[in-house]
Amino acid sequence: MTWLRAPLRYLPVLILALVWELVVRLGLVSDQILPALSDVAAAWWRLMVEGDIPLHAKASFGRAAYGLAIAAVIGGVGGLAMVQSRTVYRLLNPILQMLYPIPKSALIPLVLIFFGIGSASKVFLIALGCTLPILLSTLNGARGVDRSVLWSAESLGASRLATLWEIRVPAAMPEILAGLRTATAFCFILLVSSELLISRDGLGYLIANFGEAGIYPEMFAVILTVAATGFCVDRLLLALSRFVLRWQAPS
Amino acid sequence: MNVSVNPVAKAAVAPGATGIAIDKVSHVFNRGAANEFVALDQVSLDIRPGEFHCLLGPSGCGKSTLLYLIGGFIQVQSGSISTSRGKVSAPGPDRGVVFQNFALFPWLTVRDNILYGLKKRRIARAEREDIARKFIDLVHLRGFENAYPSQLSGGMQQRAAIARTLAIDPDILLMDEPFGALDAQTRRLMQEELLGIWKTSSKIVVFVTHDVQEAVFLADRVSVMSARPGRIAHVIDAGFNRSSDPDIVRSPAFVECGENLWQLVKTQANLQSSRSAT
């Protein structure tokens, strides 16, 4: 019966989909407000075949990938630099404390002025929003390494710089990967919200466009596309984590 | 590289020669702060070449601090510590260390843990594989080379940690309550194995413990430490480790030595509690 376990886990999603379809079909909710799921599916198929979703998805996911990649590099390097150097820590820490609580979507009007309506503004916003969780998780993970592990490495002949890369980074990997997952969730939020407000392409733009035009099945089709993609990316990250962290005790 | 475990039986300890010279070492934590405390106060001790030396005392007596100072993990504030290679100022592969929590690299397999220090010493691949295999056999971990530490029992993890340290052939083995996290049965087995390994080497072992029985069983000499400030109150000869008699632990001399040590430790512990009560 183990083969049933995975599909069974997503049974609630299936039930929700059925409820959605039924409440619309039975007229409990007007299809002017909520289109039936089957209509959304049909709209999704049309948008796929006609190429709207692939075209805009390409624009969106390119931005997401660039933004996340920049964030991963800056966050990783910054976090390690803060662990390695007290000066860097003292310099950056107050700035991070200030930046952390700002809702990054509040900066959308600002990045429009700085970077215009093209991709640069979204990439910047995503990079900014995703750097912090990656940086902080790297910092916390790499700082929290047990001193006996570091001392063991040093007594085995590792230099301080070698322990950073060979001991602190792998030891911090559980936290770093958890930070990357959080960052990816932020990335989707920032991507869609910035495209909703300031863009001429991308899935967020498509959602706004269909929404304003009152074409709801298409709008929902794009929203569900974003949701499904986010889910898949998260599952991929989870699988990656499990592989990289295969040395951890099974919990 | 000459591998640490040679079959030649070790010579008796020469009392004149210097293994580790600890000279008027004091150590203060949080100096100048409200929670300042003196961990070590003017500690002097000569550990002889090839000696198995136990540091015994109540918790907080600074025995681990002294061990970390010998390791070079914390800086000597006043006084000096020297080995045959000169003054200690930083960690180095001449002084291997084994911690109570094993301190293995959990993301590396047993073999890769043992290979880590050998790679650092730039030993050729084929040779380091040979050395790793030899030490895996020595600590009875054959068949577990590719296991991660999380897949091993505590005793096996500590064996792997000991193998990792022995593989780089340190002159001095620093052990910080290495068997403290193990159950009584495993602990006893590990003590016997450690003695067996040590007897075929010429290494100095500095072994921190709060277990009187363990100290008497393992040590050439036992330093009984006092707490707050940490001082060496007594240095006691044991030497039962040199006996080949498996029933030595039941001999009257062994039992008496343990009883005497226990009285000394108890006195220190009582002093500490009466002092902290006032």
# chains A, B, ... in the order shown; residues from 1 in each chain; ligands from 1

call {"tool": "residues_around", "arguments": {"residues": "segment 202-205 of chain A", "least_positions_apart": "5", "cutoff": "12 Å", "atoms": "only C-alpha atoms", "output": "PyMOL selection string"}}
result
chain A and resi 47+52-64+117-119+122+188-197+210-212+218-227+229

call {"tool": "closest_atom_pairs", "arguments": {"of": "chain B", "to": "chain A", "cutoff": "9 Å", "atoms": "only C-alpha atoms", "output": "JSON lines"}}
result
{"residue": "B:Gly71", "atom": "CA", "partner": "A:Ser155", "partner_atom": "CA", "distance": 7.7}
{"residue": "B:Gly72", "atom": "CA", "partner": "A:Ser155", "partner_atom": "CA", "distance": 8.7}
{"residue": "B:Phe73", "atom": "CA", "partner": "A:Trp151", "partner_atom": "CA", "distance": 6.5}
{"residue": "B:Ala90", "atom": "CA", "partner": "A:Ser155", "partner_atom": "CA", "distance": 8.7}
{"residue": "B:Pro91", "atom": "CA", "partner": "A:Ser155", "partner_atom": "CA", "distance": 5.0}
{"residue": "B:Gly92", "atom": "CA", "partner": "A:Ser155", "partner_atom": "CA", "distance": 4.8}
{"residue": "B:Pro93", "atom": "CA", "partner": "A:Ser155", "partner_atom": "CA", "distance": 5.1}
{"residue": "B:Asp94", "atom": "CA", "partner": "A:Ser155", "partner_atom": "CA", "distance": 8.0}
{"residue": "B:Arg95", "atom": "CA", "partner": "A:Ser155", "partner_atom": "CA", "distance": 6.7}
{"residue": "B:Gly96", "atom": "CA", "partner": "A:Ser155", "partner_atom": "CA", "distance": 6.0}
{"residue": "B:Val97", "atom": "CA", "partner": "A:Ser152", "partner_atom": "CA", "distance": 6.5}
{"residue": "B:Val98", "atom": "CA", "partner": "A:Ser152", "partner_atom": "CA", "distance": 7.7}
{"residue": "B:Phe99", "atom": "CA", "partner": "A:Ser148", "partner_atom": "CA", "distance": 6.9}
{"residue": "B:Asn101", "atom": "CA", "partner": "A:Ser148", "partner_atom": "CA", "distance": 8.0}
{"residue": "B:Phe102", "atom": "CA", "partner": "A:Ser148", "partner_atom": "CA", "distance": 8.3}
{"residue": "B:Ala103", "atom": "CA", "partner": "A:Val149", "partner_atom": "CA", "distance": 4.7}
{"residue": "B:Leu104", "atom": "CA", "partner": "A:Val149", "partner_atom": "CA", "distance": 6.6}
{"residue": "B:Phe105", "atom": "CA", "partner": "A:Val149", "partner_atom": "CA", "distance": 6.9}
{"residue": "B:Pro106", "atom": "CA", "partner": "A:Trp247", "partner_atom": "CA", "distance": 6.5}
{"residue": "B:Trp107", "atom": "CA", "partner": "A:Trp247", "partner_atom": "CA", "distance": 5.2}
{"residue": "B:Leu108", "atom": "CA", "partner": "A:Trp247", "partner_atom": "CA", "distance": 7.4}
{"residue": "B:Thr109", "atom": "CA", "partner": "A:Trp247", "partner_atom": "CA", "distance": 8.1}
{"residue": "B:Tyr116", "atom": "CA", "partner": "A:Leu156", "partner_atom": "CA", "distance": 7.5}
{"residue": "B:Gly117", "atom": "CA", "partner": "A:Leu156", "partner_atom": "CA", "distance": 4.7}
{"residue": "B:Leu118", "atom": "CA", "partner": "A:Leu156", "partner_atom": "CA", "distance": 8.1}
{"residue": "B:Lys120", "atom": "CA", "partner": "A:Gly157", "partner_atom": "CA", "distance": 5.7}
{"residue": "B:Arg121", "atom": "CA", "partner": "A:Gly157", "partner_atom": "CA", "distance": 7.0}
{"residue": "B:Ala147", "atom": "CA", "partner": "A:Trp247", "partner_atom": "CA", "distance": 8.7}
{"residue": "B:Tyr148", "atom": "CA", "partner": "A:Trp247", "partner_atom": "CA", "distance": 5.8}
{"residue": "B:Pro149", "atom": "CA", "partner": "A:Trp247", "partner_atom": "CA", "distance": 7.8}
{"residue": "B:Ser150", "atom": "CA", "partner": "A:Ala249", "partner_atom": "CA", "distance": 5.2}
{"residue": "B:Gln151", "atom": "CA", "partner": "A:Ala249", "partner_atom": "CA", "distance": 6.8}
{"residue": "B:Arg164", "atom": "CA", "partner": "A:Leu156", "partner_atom": "CA", "distance": 8.6}
{"residue": "B:Thr165", "atom": "CA", "partner": "A:Leu156", "partner_atom": "CA", "distance": 7.4}
{"residue": "B:Ile168", "atom": "CA", "partner": "A:Leu156", "partner_atom": "CA", "distance": 7.3}

call {"tool": "residues_around", "arguments": {"residues": "Leu115 of chain B", "least_positions_apart": "2", "cutoff": "9 Å", "atoms": "only C-alpha atoms", "output": "list in words"}}
result
Val110, Arg111, Asp112, Asn113, Gly117, Leu118, Lys119, Lys120, Arg128, Glu129, Ile131, Ala132, Arg164 and Ala167 of chain B

call {"tool": "write_last_selection", "arguments": {"atoms": "N, CA and C atoms", "output": "compact mmCIF listing (two decimals), in the first residue's frame"}}
result
# COMPACT_ATOMS: atom_id res chain seq x y z
N VAL B 110 33.24 7.84 7.51
CA VAL B 110 34.32 7.46 8.43
C VAL B 110 35.67 7.55 7.72
N ARG B 111 35.74 7.00 6.52
CA ARG B 111 37.01 7.01 5.81
C ARG B 111 37.46 8.45 5.53
N ASP B 112 36.53 9.27 5.04
CA ASP B 112 36.91 10.65 4.69
C ASP B 112 37.28 11.47 5.92
N ASN B 113 36.64 11.17 7.06
CA ASN B 113 37.06 11.82 8.30
C ASN B 113 38.52 11.52 8.60
N GLY B 117 42.91 14.71 7.82
CA GLY B 117 44.21 15.17 8.31
C GLY B 117 45.36 14.70 7.44
N LEU B 118 45.21 13.51 6.83
CA LEU B 118 46.26 12.98 5.97
C LEU B 118 46.39 13.83 4.71
N LYS B 119 45.25 14.30 4.18
CA LYS B 119 45.28 15.20 3.02
C LYS B 119 45.98 16.50 3.39
N LYS B 120 45.67 16.98 4.60
CA LYS B 120 46.31 18.23 5.05
C LYS B 120 47.80 18.09 5.14
N ARG B 128 47.90 7.44 1.76
CA ARG B 128 46.92 7.82 2.77
C ARG B 128 45.75 6.84 2.82
N GLU B 129 45.42 6.25 1.67
CA GLU B 129 44.39 5.21 1.67
C GLU B 129 44.85 4.02 2.53
N ILE B 131 47.03 4.12 5.01
CA ILE B 131 47.04 4.52 6.42
C ILE B 131 45.62 4.50 6.98
N ALA B 132 44.67 5.05 6.20
CA ALA B 132 43.29 5.09 6.65
C ALA B 132 42.78 3.68 6.92
N ARG B 164 40.95 8.99 13.50
CA ARG B 164 41.24 10.21 12.75
C ARG B 164 42.46 10.92 13.35
N ALA B 167 45.77 8.77 13.04
CA ALA B 167 46.26 8.61 11.66
C ALA B 167 47.32 9.64 11.30

call {"tool": "residues_around", "arguments": {"residues": "Ile248 of chain B", "least_positions_apart": "3", "cutoff": "12 Å", "atoms": "only C-alpha atoms", "output": "CSV table (one decimal) with all heavy atoms, in the first residue's frame"}}
result
chain,number,residue,atom,x,y,z
B,216,VAL,N,42.8,5.9,37.6
B,216,VAL,CA,43.7,4.9,38.1
B,216,VAL,C,44.0,3.8,37.1
B,216,VAL,O,45.1,3.3,37.0
B,216,VAL,CB,43.0,4.2,39.4
B,216,VAL,CG1,44.0,3.1,40.0
B,216,VAL,CG2,42.8,5.3,40.4
B,217,PHE,N,43.0,3.4,36.4
B,217,PHE,CA,43.1,2.3,35.4
B,217,PHE,C,44.1,2.7,34.2
B,217,PHE,O,44.9,1.9,33.8
B,217,PHE,CB,41.7,2.0,34.8
B,217,PHE,CG,41.8,0.8,33.9
B,217,PHE,CD1,42.0,-0.5,34.3
B,217,PHE,CD2,41.6,1.0,32.5
B,217,PHE,CE1,42.0,-1.6,33.5
B,217,PHE,CE2,41.6,-0.1,31.6
B,217,PHE,CZ,41.8,-1.4,32.1
B,218,LEU,N,44.0,4.0,33.8
B,218,LEU,CA,44.7,4.4,32.6
B,218,LEU,C,46.1,5.0,32.9
B,218,LEU,O,47.0,4.9,32.0
B,218,LEU,CB,43.9,5.5,31.8
B,218,LEU,CG,42.6,5.0,31.2
B,218,LEU,CD1,41.8,6.1,30.6
B,218,LEU,CD2,42.9,3.9,30.1
B,238,ALA,N,50.3,6.2,39.7
B,238,ALA,CA,49.4,5.0,39.6
B,238,ALA,C,50.2,3.9,38.9
B,238,ALA,O,50.7,3.1,39.6
B,238,ALA,CB,48.2,5.4,38.8
B,239,GLY,N,50.3,3.9,37.6
B,239,GLY,CA,51.2,2.9,36.9
B,239,GLY,C,50.6,1.6,36.7
B,239,GLY,O,51.3,0.7,36.3
B,240,PHE,N,49.3,1.3,37.1
B,240,PHE,CA,48.7,0.0,36.9
B,240,PHE,C,48.6,-0.3,35.4
B,240,PHE,O,48.4,-1.4,35.0
B,240,PHE,CB,47.4,-0.1,37.6
B,240,PHE,CG,47.5,0.2,39.1
B,240,PHE,CD1,47.2,1.4,39.7
B,240,PHE,CD2,48.0,-0.9,39.9
B,240,PHE,CE1,47.4,1.6,41.0
B,240,PHE,CE2,48.1,-0.6,41.3
B,240,PHE,CZ,47.8,0.6,41.8
B,241,ASN,N,48.6,0.8,34.6
B,241,ASN,CA,48.5,0.6,33.2
B,241,ASN,C,49.6,-0.2,32.6
B,241,ASN,O,49.5,-0.7,31.5
B,241,ASN,CB,48.4,2.0,32.5
B,241,ASN,CG,49.6,2.9,32.8
B,241,ASN,OD1,50.5,2.5,33.6
B,241,ASN,ND2,49.6,4.1,32.3
B,242,ARG,N,50.7,-0.3,33.3
B,242,ARG,CA,51.9,-1.0,32.8
B,242,ARG,C,51.8,-2.5,33.0
B,242,ARG,O,52.6,-3.3,32.6
B,242,ARG,CB,53.2,-0.5,33.4
B,242,ARG,CG,53.4,1.0,33.3
B,242,ARG,CD,54.1,1.4,32.0
B,242,ARG,NE,54.2,2.8,31.9
B,242,ARG,CZ,54.7,3.4,30.8
B,242,ARG,NH1,55.2,2.7,29.8
B,242,ARG,NH2,54.7,4.7,30.7
B,243,SER,N,50.8,-2.9,33.8
B,243,SER,CA,50.7,-4.3,34.2
B,243,SER,C,50.0,-5.1,33.1
B,243,SER,O,49.1,-4.6,32.4
B,243,SER,CB,49.8,-4.4,35.5
B,243,SER,OG,49.4,-5.7,35.6
B,244,SER,N,50.4,-6.3,32.9
B,244,SER,CA,49.7,-7.1,31.9
B,244,SER,C,48.7,-8.1,32.6
B,244,SER,O,48.1,-8.9,31.9
B,244,SER,CB,50.8,-8.0,31.2
B,244,SER,OG,51.6,-8.7,32.1
B,245,ASP,N,48.5,-7.9,33.9
B,245,ASP,CA,47.6,-8.8,34.6
B,245,ASP,C,46.2,-8.2,34.4
B,245,ASP,O,45.9,-7.1,34.8
B,245,ASP,CB,48.0,-8.7,36.1
B,245,ASP,CG,47.0,-9.5,37.0
B,245,ASP,OD1,46.1,-10.2,36.4
B,245,ASP,OD2,47.1,-9.4,38.2
B,251,SER,N,43.2,-6.0,42.4
B,251,SER,CA,44.3,-6.1,43.3
B,251,SER,C,44.2,-5.1,44.4
B,251,SER,O,43.6,-4.0,44.2
B,251,SER,CB,45.6,-5.9,42.6
B,251,SER,OG,45.8,-4.6,42.2
B,252,PRO,N,44.6,-5.4,45.6
B,252,PRO,CA,44.5,-4.5,46.8
B,252,PRO,C,45.2,-3.2,46.5
B,252,PRO,O,44.6,-2.1,46.9
B,252,PRO,CB,45.2,-5.2,47.9
B,252,PRO,CG,45.2,-6.7,47.5
B,252,PRO,CD,45.2,-6.7,46.0
B,253,ALA,N,46.3,-3.2,45.8
B,253,ALA,CA,47.0,-1.9,45.5
B,253,ALA,C,46.2,-1.0,44.6
B,253,ALA,O,46.1,0.2,44.9
B,253,ALA,CB,48.4,-2.2,44.8
B,254,PHE,N,45.5,-1.6,43.6
B,254,PHE,CA,44.7,-0.8,42.7
B,254,PHE,C,43.5,-0.2,43.5
B,254,PHE,O,43.2,1.0,43.4
B,254,PHE,CB,44.2,-1.7,41.6
B,254,PHE,CG,43.4,-1.0,40.5
B,254,PHE,CD1,44.0,-0.6,39.3
B,254,PHE,CD2,42.1,-0.7,40.7
B,254,PHE,CE1,43.3,0.0,38.3
B,254,PHE,CE2,41.4,0.0,39.7
B,254,PHE,CZ,42.0,0.3,38.5
B,255,VAL,N,42.9,-1.0,44.3
B,255,VAL,CA,41.7,-0.6,45.0
B,255,VAL,C,42.1,0.5,46.0
B,255,VAL,O,41.4,1.5,46.1
B,255,VAL,CB,41.1,-1.8,45.8
B,255,VAL,CG1,39.9,-1.3,46.7
B,255,VAL,CG2,40.5,-2.8,44.8
B,256,GLU,N,43.3,0.4,46.6
B,256,GLU,CA,43.7,1.3,47.6
B,256,GLU,C,44.0,2.7,46.9
B,256,GLU,O,43.7,3.8,47.4
B,256,GLU,CB,44.9,0.8,48.4
B,256,GLU,CG,45.3,1.6,49.6
B,256,GLU,CD,46.7,1.3,50.1
B,256,GLU,OE1,47.1,0.2,49.9
B,256,GLU,OE2,47.2,2.1,50.8
B,257,CYS,N,44.7,2.6,45.8
B,257,CYS,CA,45.0,3.8,45.0
B,257,CYS,C,43.8,4.6,44.7
B,257,CYS,O,43.7,5.8,44.8
B,257,CYS,CB,45.8,3.4,43.8
B,257,CYS,SG,46.4,4.8,42.8

call {"tool": "closest_residue", "arguments": {"among": "B:Glu127, B:Asp169, B:Asp176, B:Asp247", "to": "Gly62 of chain B", "atoms": "only C-alpha atoms"}}
result
B:Asp176

call {"tool": "select_by_dssp", "arguments": {"residues": "segment 28-251 of chain B", "states": "helix (DSSP H, G or I)", "output": "PyMOL selection string"}}
result
chain B and resi 63-71+110-120+125-138+149-151+154-167+184-199+212-218+240-242+248-250

call {"tool": "residues_around", "arguments": {"residues": "Ile126 of chain A", "least_positions_apart": "2", "cutoff": "10 Å", "atoms": "only C-alpha atoms", "output": "PyMOL selection string"}}
result
chain A and resi 63-71+104-105+120-124+128-131+183-184+186-191+194

call {"tool": "write_last_selection", "arguments": {"atoms": "C-alpha atoms", "output": "compact mmCIF listing (two decimals), in the first residue's frame"}}
result
# COMPACT_ATOMS: atom_id res chain seq x y z
CA ARG A 63 14.17 37.39 -13.68
CA ALA A 64 13.63 35.01 -10.79
CA ALA A 65 16.69 32.98 -11.69
CA TYR A 66 18.93 36.03 -12.08
CA GLY A 67 17.68 37.62 -8.87
CA LEU A 68 18.10 34.41 -6.87
CA ALA A 69 21.54 33.72 -8.30
CA ILE A 70 22.75 37.21 -7.39
CA ALA A 71 21.22 36.83 -3.92
CA LYS A 104 10.65 44.69 0.16
CA SER A 105 7.49 45.16 -1.91
CA ALA A 120 16.33 45.25 -14.07
CA SER A 121 13.90 46.57 -11.47
CA LYS A 122 12.51 43.08 -10.76
CA VAL A 123 15.92 41.46 -10.67
CA PHE A 124 17.12 44.11 -8.24
CA LEU A 128 17.59 42.49 -2.45
CA GLY A 129 14.76 40.54 -0.86
CA CYS A 130 16.41 37.14 -1.24
CA THR A 131 19.91 38.14 -0.15
CA ALA A 183 14.50 33.01 -0.27
CA THR A 184 12.79 31.16 -3.10
CA PHE A 186 10.25 35.48 -1.16
CA CYS A 187 11.41 35.43 -4.77
CA PHE A 188 8.02 34.32 -6.09
CA ILE A 189 6.18 36.88 -3.98
CA LEU A 190 8.42 39.74 -5.12
CA LEU A 191 8.41 38.59 -8.73
CA SER A 194 6.44 43.71 -8.91

call {"tool": "residues_around", "arguments": {"residues": "Arg142 of chain B", "least_positions_apart": "6", "cutoff": "12 Å", "atoms": "only C-alpha atoms", "output": "list in words"}}
result
Val110, Arg111, Ala132, Arg133, Lys134, Phe135, Ile136, Met156, Arg159, Ala160 and Ala163 of chain B
